[in-house]
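K.L.:
The structure file work24.cif (mmCIF, C-alpha atoms and all ligand atoms) is provided below.
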```
data_work
#
loop_
_atom_site.label_atom_id
_atom_site.label_comp_id
_atom_site.auth_asym_id
_atom_site.auth_seq_id
_atom_site.Cartn_x
_atom_site.Cartn_y
_atom_site.Cartn_z
CA MET A 1279 0.83 -20.17 11.88
CA ASN A 1280 0.37 -21.69 8.43
CA ASP A 1281 3.32 -23.25 6.66
CA LEU A 1282 5.92 -20.57 7.10
CA THR A 1283 9.33 -22.19 7.18
CA ALA A 1284 12.83 -21.26 8.27
CA ALA A 1285 13.32 -19.66 4.89
CA VAL A 1286 11.09 -16.81 5.98
CA LEU A 1287 12.21 -14.35 8.55
CA VAL A 1288 9.15 -12.59 9.81
CA SER A 1289 9.97 -9.61 11.95
CA ILE A 1290 6.71 -8.74 13.57
CA ALA A 1291 7.35 -5.15 14.46
CA ARG A 1292 5.02 -3.66 17.00
CA VAL A 1293 6.06 -0.08 17.37
CA ASN A 1294 5.29 2.39 20.09
CA ARG A 1295 5.72 5.90 18.77
CA GLY A 1296 6.61 7.30 22.18
CA SER A 1297 9.24 4.96 23.56
CA GLY A 1298 10.10 2.71 20.63
CA ASP A 1299 10.53 -0.07 23.24
CA VAL A 1300 11.49 -3.42 21.81
CA ASP A 1301 11.01 -6.67 23.69
CA PRO A 1302 13.68 -9.28 23.05
CA PRO A 1303 12.97 -11.31 19.89
CA THR A 1304 11.21 -14.59 20.60
CA GLU A 1305 11.54 -17.63 18.43
CA LEU A 1306 8.30 -19.46 17.75
CA GLY A 1307 8.99 -22.55 15.73
CA HIS A 1308 10.43 -21.21 12.50
CA LEU A 1309 9.24 -17.70 13.15
CA VAL A 1310 11.50 -15.08 14.62
CA ARG A 1311 9.46 -12.35 16.18
CA GLU A 1312 10.49 -8.95 17.33
CA ARG A 1313 7.76 -7.93 19.70
CA ARG A 1314 7.10 -4.29 20.22
CA ASN A 1315 4.04 -2.43 21.39
CA MET A 1316 2.23 -1.25 18.32
CA SER A 1317 0.15 1.88 18.30
CA THR A 1318 -1.96 2.39 15.19
CA ASP A 1319 -2.50 6.07 15.99
CA GLU A 1320 -6.02 6.91 15.06
CA LEU A 1321 -6.01 4.74 11.94
CA ILE A 1322 -9.14 2.73 11.31
CA GLN A 1323 -8.42 -0.84 10.22
CA LEU A 1324 -10.48 -3.14 8.05
CA ASP A 1325 -12.05 -6.21 9.64
CA GLU A 1326 -10.79 -9.66 8.70
CA ASP A 1327 -13.78 -10.40 6.46
CA GLN A 1328 -13.08 -7.15 4.59
CA LEU A 1329 -9.39 -8.12 4.28
CA ASP A 1330 -10.45 -11.41 2.72
CA TYR A 1331 -11.16 -9.43 -0.42
CA PHE A 1332 -7.37 -8.89 -0.77
CA THR A 1333 -6.37 -12.53 -0.54
CA GLU A 1334 -5.54 -14.85 -3.40
CA ASP A 1335 -8.85 -14.78 -5.24
CA GLY A 1336 -9.68 -11.10 -4.86
CA HIS A 1337 -6.30 -9.53 -5.59
CA LYS A 1338 -4.17 -10.92 -8.38
CA VAL A 1339 -1.19 -9.29 -10.03
CA TYR A 1340 -2.71 -8.32 -13.34
CA ARG A 1341 -0.47 -8.48 -16.39
CA ALA A 1342 -1.05 -4.88 -17.52
CA GLN A 1343 -0.26 -3.51 -14.07
CA TRP A 1344 2.81 -5.74 -13.78
CA GLN A 1345 4.19 -4.60 -17.12
CA GLU A 1346 3.44 -0.97 -16.43
CA GLN A 1347 5.18 -0.95 -13.05
CA THR A 1348 8.14 -3.25 -13.54
CA GLY A 1349 8.68 -2.22 -17.16
CA ARG A 1350 10.01 1.01 -15.73
CA ILE A 1351 12.80 -0.64 -13.77
CA PRO A 1352 15.80 0.57 -15.78
CA MET A 1353 17.84 -2.04 -17.67
CA GLU A 1354 21.00 -0.79 -16.00
CA ILE A 1355 19.55 -2.00 -12.68
CA GLY A 1356 17.20 -4.87 -13.49
CA GLY A 1357 19.09 -6.14 -16.54
CA VAL A 1358 22.45 -6.74 -14.90
CA ASP A 1359 23.62 -9.02 -12.17
CA GLU A 1360 23.33 -6.33 -9.54
CA GLU A 1361 21.56 -6.40 -6.20
CA PHE A 1362 18.69 -4.01 -5.64
CA ARG A 1363 16.20 -3.58 -2.84
CA ILE A 1364 12.48 -3.17 -3.05
CA LEU A 1365 9.94 -2.14 -0.45
CA ASP A 1366 6.33 -3.26 -0.94
CA ILE A 1367 4.12 -1.20 1.39
CA GLY A 1368 0.71 -2.73 2.01
CA GLY A 1369 2.12 -5.82 0.28
CA ALA A 1370 -0.48 -8.18 1.79
CA ASN A 1371 0.05 -11.82 0.74
CA GLY A 1372 3.23 -10.82 -1.12
CA ARG A 1373 2.22 -11.98 -4.59
CA PHE A 1374 3.61 -8.84 -6.22
CA SER A 1375 6.96 -9.18 -4.43
CA ASP A 1376 7.09 -12.91 -5.18
CA GLN A 1377 6.76 -12.23 -8.88
CA LEU A 1378 9.44 -9.56 -8.67
CA LEU A 1379 11.84 -11.86 -6.85
CA ALA A 1380 11.21 -14.59 -9.42
CA GLU A 1381 11.93 -12.24 -12.30
CA TYR A 1382 14.96 -10.54 -10.70
CA PRO A 1383 17.16 -13.13 -8.95
CA ARG A 1384 19.36 -10.44 -7.36
CA ALA A 1385 16.49 -8.45 -5.85
CA GLN A 1386 15.70 -8.38 -2.12
CA ALA A 1387 12.22 -7.46 -0.91
CA VAL A 1388 10.71 -6.14 2.29
CA VAL A 1389 6.92 -6.45 2.55
CA VAL A 1390 5.21 -4.20 5.10
CA ASP A 1391 1.58 -4.71 6.06
CA ASN A 1392 -0.43 -4.05 9.21
CA SER A 1393 -2.45 -7.25 8.77
CA GLU A 1394 -0.85 -10.31 10.35
CA TYR A 1395 -3.64 -12.32 8.75
CA LEU A 1396 -2.50 -11.33 5.23
CA LEU A 1397 1.25 -11.47 5.94
CA GLU A 1398 0.87 -15.05 7.13
CA GLN A 1399 -0.36 -15.96 3.66
CA ASN A 1400 3.07 -15.15 2.17
CA ILE A 1401 4.99 -17.87 0.38
CA PRO A 1402 8.39 -18.29 2.07
CA ASN A 1403 11.38 -16.86 0.24
CA ASP A 1404 14.79 -16.23 1.75
CA ARG A 1405 15.07 -12.98 -0.22
CA LYS A 1406 11.83 -11.65 1.29
CA ARG A 1407 11.36 -10.12 4.75
CA LEU A 1408 7.92 -9.53 6.19
CA LEU A 1409 7.33 -6.65 8.58
CA LEU A 1410 4.09 -6.36 10.47
CA GLY A 1411 3.39 -2.71 11.14
CA SER A 1412 1.61 0.34 9.85
CA ALA A 1413 2.70 2.42 6.88
CA THR A 1414 2.27 5.35 9.23
CA GLN A 1415 5.25 4.10 11.24
CA LEU A 1416 7.80 3.61 8.47
CA PRO A 1417 10.70 5.44 10.17
CA GLU A 1418 10.40 3.20 13.25
CA ILE A 1419 9.80 0.00 11.30
CA LEU A 1420 12.52 0.51 8.69
CA GLY A 1421 15.10 2.08 11.00
CA GLY A 1422 16.69 4.12 8.23
CA GLU A 1423 16.91 1.32 5.61
CA LYS A 1424 16.99 2.64 2.03
CA PHE A 1425 15.32 1.12 -1.03
CA ASP A 1426 15.80 1.38 -4.78
CA PHE A 1427 12.14 0.82 -5.61
CA VAL A 1428 9.19 1.45 -3.32
CA PHE A 1429 5.90 -0.04 -4.53
CA VAL A 1430 2.67 1.30 -3.04
CA ASN A 1431 -0.10 -0.67 -4.68
CA CYS A 1432 -3.68 0.21 -3.72
CA LEU A 1433 -2.66 1.10 -0.16
CA LEU A 1434 -2.82 4.87 0.23
CA HIS A 1435 -6.62 5.16 -0.03
CA HIS A 1436 -6.87 2.82 2.99
CA LEU A 1437 -5.04 5.26 5.28
CA VAL A 1438 -8.21 6.52 6.87
CA THR A 1439 -8.66 8.15 10.26
CA GLY A 1440 -11.73 9.56 11.99
CA SER A 1441 -11.89 12.60 9.70
CA TYR A 1442 -11.28 13.55 6.07
CA SER A 1443 -8.63 16.14 6.95
CA GLY A 1444 -6.92 13.63 9.27
CA SER A 1445 -6.88 11.04 6.49
CA ARG A 1446 -5.34 13.50 4.04
CA ARG A 1447 -2.68 14.47 6.59
CA THR A 1448 -1.93 10.80 7.22
CA ILE A 1449 -1.53 10.05 3.51
CA ARG A 1450 0.80 13.02 3.11
CA GLY A 1451 2.85 11.89 6.13
CA VAL A 1452 3.30 8.41 4.64
CA LEU A 1453 4.36 9.89 1.29
CA ARG A 1454 6.92 12.03 3.10
CA ASP A 1455 8.28 9.03 5.03
CA LEU A 1456 8.50 6.75 2.03
CA SER A 1457 10.30 9.44 0.09
CA ALA A 1458 12.89 9.50 2.90
CA SER A 1459 13.39 5.73 2.49
CA LEU A 1460 14.61 6.09 -1.12
CA SER A 1461 18.20 5.39 -2.08
CA GLU A 1462 20.08 7.86 -4.29
CA ARG A 1463 18.72 6.20 -7.44
CA GLY A 1464 15.39 5.38 -5.78
CA ARG A 1465 11.98 5.46 -7.44
CA VAL A 1466 8.45 5.24 -6.04
CA SER A 1467 5.73 3.43 -7.95
CA ILE A 1468 2.19 4.25 -6.84
CA TRP A 1469 -0.84 2.38 -8.17
CA GLU A 1470 -4.16 3.91 -7.13
CA ASN A 1471 -7.80 3.64 -8.09
CA VAL A 1472 -9.30 6.93 -9.22
CA PHE A 1473 -12.91 8.17 -9.49
CA GLU A 1474 -13.16 11.63 -11.03
CA GLY A 1475 -16.30 13.75 -11.46
CA THR A 1476 -17.98 14.95 -14.61
CA LEU A 1477 -18.80 18.29 -12.96
CA LEU A 1478 -16.22 18.62 -10.20
CA THR A 1479 -13.10 16.46 -10.53
CA ASN A 1480 -12.63 15.83 -6.81
CA LEU A 1481 -16.29 15.44 -5.83
CA PRO A 1482 -16.87 11.66 -6.25
CA SER A 1483 -13.86 10.59 -4.19
CA ARG A 1484 -14.87 12.95 -1.39
CA ALA A 1485 -18.45 11.61 -1.54
CA ILE A 1486 -17.13 8.03 -1.44
CA PHE A 1487 -15.15 8.90 1.70
CA GLU A 1488 -18.27 10.25 3.42
CA ILE A 1489 -20.51 7.34 2.38
CA THR A 1490 -18.04 4.63 3.30
CA SER A 1491 -17.00 6.15 6.64
CA VAL A 1492 -20.46 6.40 8.15
CA ARG A 1493 -21.21 3.19 10.05
CA ALA A 1494 -24.96 3.79 9.77
CA LEU A 1495 -24.65 3.71 5.97
CA SER A 1496 -22.48 0.61 5.87
CA LYS A 1497 -25.27 -1.69 4.67
CA ILE A 1498 -26.07 0.61 1.76
CA ALA A 1499 -22.38 1.16 0.98
CA ARG A 1500 -21.82 -2.61 0.90
CA LYS A 1501 -24.75 -3.01 -1.47
CA LEU A 1502 -23.16 -0.38 -3.71
CA GLY A 1503 -20.05 -2.55 -3.83
CA ALA A 1504 -17.77 -0.99 -1.18
CA ASN A 1505 -15.80 -3.61 0.75
CA THR A 1506 -14.61 -0.72 2.96
CA ALA A 1507 -18.15 0.11 4.14
CA GLY A 1508 -18.24 1.52 7.68
CA VAL A 1509 -14.47 2.08 7.70
CA GLY A 1510 -13.91 4.65 4.97
CA VAL A 1511 -11.74 4.93 1.92
CA CYS A 1512 -9.89 8.04 0.76
CA PHE A 1513 -9.47 8.07 -3.02
CA LEU A 1514 -7.95 11.15 -4.64
CA SER A 1515 -8.16 12.53 -8.15
CA ARG A 1516 -5.09 12.64 -10.40
CA PRO A 1517 -4.53 16.41 -9.81
CA GLN A 1518 -4.82 15.81 -6.05
CA TRP A 1519 -2.20 13.03 -6.17
CA ARG A 1520 0.19 15.24 -8.07
CA SER A 1521 -0.21 18.05 -5.60
CA GLU A 1522 0.32 15.68 -2.61
CA LEU A 1523 3.49 14.31 -4.21
CA ASN A 1524 4.81 17.79 -4.99
CA ALA A 1525 4.14 18.82 -1.41
CA VAL A 1526 6.55 16.16 -0.10
CA GLY A 1527 9.27 16.79 -2.69
CA LEU A 1528 8.42 13.93 -5.04
CA GLU A 1529 8.26 14.53 -8.76
CA VAL A 1530 6.05 12.51 -11.11
CA LEU A 1531 8.52 11.37 -13.77
CA ASP A 1532 5.95 9.40 -15.73
CA SER A 1533 2.35 8.29 -15.36
CA HIS A 1534 -0.11 5.95 -16.98
CA TRP A 1535 -3.89 5.67 -16.97
CA THR A 1536 -5.79 2.38 -17.18
CA PRO A 1537 -9.53 3.01 -17.66
CA MET A 1538 -11.96 0.72 -15.85
CA GLY A 1539 -15.66 0.06 -16.15
CA LEU A 1540 -18.25 0.97 -13.53
CA PRO A 1541 -21.98 0.20 -13.65
CA LEU A 1542 -24.31 3.16 -14.19
CA TYR A 1543 -25.99 2.63 -10.80
CA GLN A 1544 -22.66 3.48 -9.16
CA ARG A 1545 -21.52 6.06 -11.69
CA LEU A 1546 -24.59 8.28 -11.99
CA PRO A 1547 -25.45 9.15 -8.36
CA LEU A 1548 -21.87 10.21 -7.67
CA THR A 1549 -21.43 12.06 -11.01
CA ILE A 1550 -18.44 9.86 -11.80
CA GLY A 1551 -16.88 10.48 -15.20
CA ALA A 1552 -13.37 8.99 -15.37
CA VAL A 1553 -12.82 5.69 -13.54
CA GLY A 1554 -9.54 3.86 -13.65
CA ALA A 1555 -6.20 3.13 -12.13
CA VAL A 1556 -3.35 5.60 -12.24
CA HIS A 1557 0.29 4.65 -12.11
CA LEU A 1558 2.59 7.37 -10.82
CA TRP A 1559 6.32 6.75 -11.28
CA CYS A 1560 8.15 9.21 -9.08
CA GLY A 1561 11.60 10.30 -8.00
CA LYS A 1562 12.88 12.91 -5.62
CA ALA A 1563 12.42 16.39 -7.07
CA GLN A 1564 15.76 17.90 -8.15
C1 LIG A 1601 -6.08 -3.14 -1.43
S1 LIG A 1601 -4.95 -4.12 -0.53
C2 LIG A 1601 -3.59 -4.09 -1.64
C3 LIG A 1601 -2.73 -5.28 -1.52
C4 LIG A 1601 -1.57 -5.35 -2.54
N1 LIG A 1601 -0.69 -4.21 -2.43
C5 LIG A 1601 -2.14 -5.45 -3.92
O1 LIG A 1601 -2.06 -4.47 -4.68
O2 LIG A 1601 -2.65 -6.51 -4.25
C6 LIG A 1601 -4.45 -3.00 0.74
C7 LIG A 1601 -3.39 -3.56 1.65
O3 LIG A 1601 -2.93 -2.54 2.52
C8 LIG A 1601 -2.85 -3.04 3.83
N2 LIG A 1601 -2.95 -1.91 4.74
C9 LIG A 1601 -4.03 -1.17 5.04
N3 LIG A 1601 -3.72 -0.21 5.91
C10 LIG A 1601 -2.39 -0.34 6.16
C11 LIG A 1601 -1.47 0.37 6.98
N4 LIG A 1601 -1.84 1.40 7.73
N5 LIG A 1601 -0.19 -0.04 6.99
C12 LIG A 1601 0.22 -1.09 6.25
N6 LIG A 1601 -0.61 -1.80 5.46
C13 LIG A 1601 -1.89 -1.42 5.41
C14 LIG A 1601 -3.99 -4.04 3.93
O4 LIG A 1601 -3.80 -4.95 4.98
C15 LIG A 1601 -3.92 -4.68 2.55
O5 LIG A 1601 -2.99 -5.72 2.54
#
```
Would you kindly transcribe this structure into structure tokens?

P.N.:
Amino acid sequence: MNDLTAAVLVSIARVNRGSGDVDPPTELGHLVRERRNMSTDELIQLDEDQLDYFTEDGHKVYRAQWQEQTGRIPMEIGGVDEEFRILDIGGANGRFSDQLLAEYPRAQAVVVDNSEYLLEQNIPNDRKRLLLGSATQLPEILGGEKFDFVFVNCLLHHLVTGSYSGSRRTIRGVLRDLSASLSERGRVSIWENVFEGTLLTNLPSRAIFEITSVRALSKIARKLGANTAGVGVCFLSRPQWRSELNAVGLEVLDSHWTPMGLPLYQRLPLTIGAVGAVHLWCGKAQ
């Protein structure tokens, strides 16, 4: 179980939507586990070799993203000696939360991820709790806990089920649940990759969903650079994100666009015009 020490409390939450049964916690060395039966609904999960892409080498905390997201933490919270709580959904190996905890000594973090493999790669920190479970089960996993800042970095497009409409419903459900986990002063920070069309804004992301979800096309999709080949990935355009957020009572208070490059062989067949990462800084609509 790697080198997790007593400083890390890993609650491995396996949630059963129906009964919510919880087996008594078992202590394994320095790990405290809460064992529950986990149902992943109809979510399709990435294989371990696909998850490898999100480990240390593949997924760093880039400076521009860091400044854009944490620069918005108000001075009256981050700049004073006051406790605040962050939730990092799809937080993987915890590098983003680690950096936050290092910069804000009074912050407490909860990292949720449905990959035990990635959670185990977290560096121990007694201000960080790791919860193994799906973003689709936030109410059960969090049990009503509230957070001042919820970070959702490159997670939402992975919430893919057997159909496009099911995936969209799932994403909306997670947005609704995370909005309910906000404290009075709470803010949500969403970082998402975006592929918008030159002709039809929403077309490329829909095409990417279809190409990446078909198992028979997985070899081609991998060659085109999709690490999600055969599983599916549900990107949305910026107008689609705004409409999803509005639908669950979240208001985009500020946003930022970071353009990215994409080779012509990927861009042309899918009529991709704008490629980049969008940051959506949101609060509950008044
Ligand atoms: C693209 S990685 C992003 C990791 C990290 N947030 C970052 O920005 O570097 C997506 C992460 O979401 C996690 N994930 C995928 N589906 C999930 C789900 N249903 N519930 C919780 N985590 C999920 C994956 O295990 C992975 O760690």

K.L.:
So, counting only C-alpha atoms and all ligand atoms, which residue among A:Glu1474, A:Glu1320, A:Glu1488, A:Glu1529 is closest to ligand LIG 1601 (chain A)?

P.N.:
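Going through A:Glu1474, A:Glu1320, A:Glu1488, A:Glu1529 one by one, the smallest distance to ligand LIG 1601 (chain A) is for A:Glu1320.
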
K.L.:
Just want the residues within 7 Å of ligand LIG 1601 (chain A), written as an MDAnalysis selection string, counting only C-alpha atoms and all ligand atoms.

P.N.:
chainID A and resid 1321 1323 1329 1332 1337:1339 1367:1370 1374 1390:1393 1396 1411:1414 1430:1433 1436:1437

K.L.:
Atom CA of Val1556 of chain A and atom CA of Asp1426 of chain A, how far apart in Å?

P.N.:
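Atom CA of Val1556 of chain A lies at a distance of 21.0 Å from atom CA of Asp1426 of chain A.
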
K.L.:
Counting all atoms listed in the file, which residue out of A:Asp1404, A:Glu1346, A:Glu1418, A:Asp1532 sits closest to Ala1385 of chain A?

P.N.:
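Smallest distance to Ala1385 of chain A is found for A:Asp1404.
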
K.L.:
Tell me which protein, DNA and RNA residues are within 10 Å of Ser1441 of chain A, counting all atoms listed in the file, leaving out same-chain ones fewer than 3 positions away, and put them as a PyMOL selection string.

P.N.:
chain A and resi 1320+1438+1444-1447+1487-1488+1491+1510

K.L.:
Could you write out that same residue set with C-alpha atoms as a JSON list (two decimals), in the frame of the given file?

P.N.:
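Writing the result to again.json gives the following:
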```
[["chain", "number", "residue", "atom", "x", "y", "z"],
["A", 1320, "GLU", "CA", -6.02, 6.91, 15.06],
["A", 1438, "VAL", "CA", -8.21, 6.52, 6.87],
["A", 1444, "GLY", "CA", -6.92, 13.63, 9.27],
["A", 1445, "SER", "CA", -6.88, 11.04, 6.49],
["A", 1446, "ARG", "CA", -5.34, 13.50, 4.04],
["A", 1447, "ARG", "CA", -2.68, 14.47, 6.59],
["A", 1487, "PHE", "CA", -15.15, 8.90, 1.70],
["A", 1488, "GLU", "CA", -18.27, 10.25, 3.42],
["A", 1491, "SER", "CA", -17.00, 6.15, 6.64],
["A", 1510, "GLY", "CA", -13.91, 4.65, 4.97]]
```

K.L.:
With all atoms listed in the file as the counted atoms, please give the residues lying no more than 9 Å from segment 1359-1362 of chain A, apart from itself and same-chain residues fewer than 3 positions off, as a list in words.

P.N.:
Glu1354, Ile1355, Gly1356, Tyr1382, Pro1383, Arg1384, Ala1385, Gln1386, Ala1387, Phe1425, Asp1426 and Phe1427 of chain A

K.L.:
Go through A:Trp1469, A:Trp1559, A:Phe1513, A:Phe1429 and flag the residue nearest Thr1536 of chain A, using only C-alpha atoms for the distances.

P.N.:
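Nearest to Thr1536 of chain A: A:Trp1469.
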
K.L.:
Please write as number ranges by chain the list of polymer residues whose atoms come within 10 Å of (-3.7, 2.5, -19.0), counting only C-alpha atoms and keeping to the coordinates of the file.

P.N.:
A: 1342-1343, 1346, 1533-1538, 1554-1557

K.L.:
Looking at all atoms listed in the file, which of A:Leu1365, A:Val1388, A:Leu1379, A:Ile1449 is the one that sits closest to Ser1461 of chain A?

P.N.:
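Among the listed residues, the smallest separation from Ser1461 of chain A belongs to A:Leu1365.
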
K.L.:
Report the distance between atom CA of Leu1558 of chain A and atom CA of Ile1489 of chain A in Å, rounded to one decimal place.

P.N.:
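So the two atoms, atom CA of Leu1558 of chain A and atom CA of Ile1489 of chain A, lie 26.6 Å apart.
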
K.L.:
For each of A:Val1526, A:Ile1322, A:Val1358, A:Ala1563, take the minimum atom-to-atom distance to Arg1463 of chain A, counting all atoms listed in the file, then give the residue where this is smallest.

P.N.:
A:Ala1563

K.L.:
Between A:Pro1402, A:Gly1372, A:Gly1475, A:Gly1422, which one has atoms that come closest to Leu1456 of chain A, using all atoms listed in the file?

P.N.:
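For Leu1456 of chain A, the nearest of the given residues is A:Gly1422.
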
K.L.:
Just give me the gap between atom CA of Gly1561 of chain A and atom CA of Leu1528 of chain A in Å, one decimal is fine.

P.N.:
5.7 Å
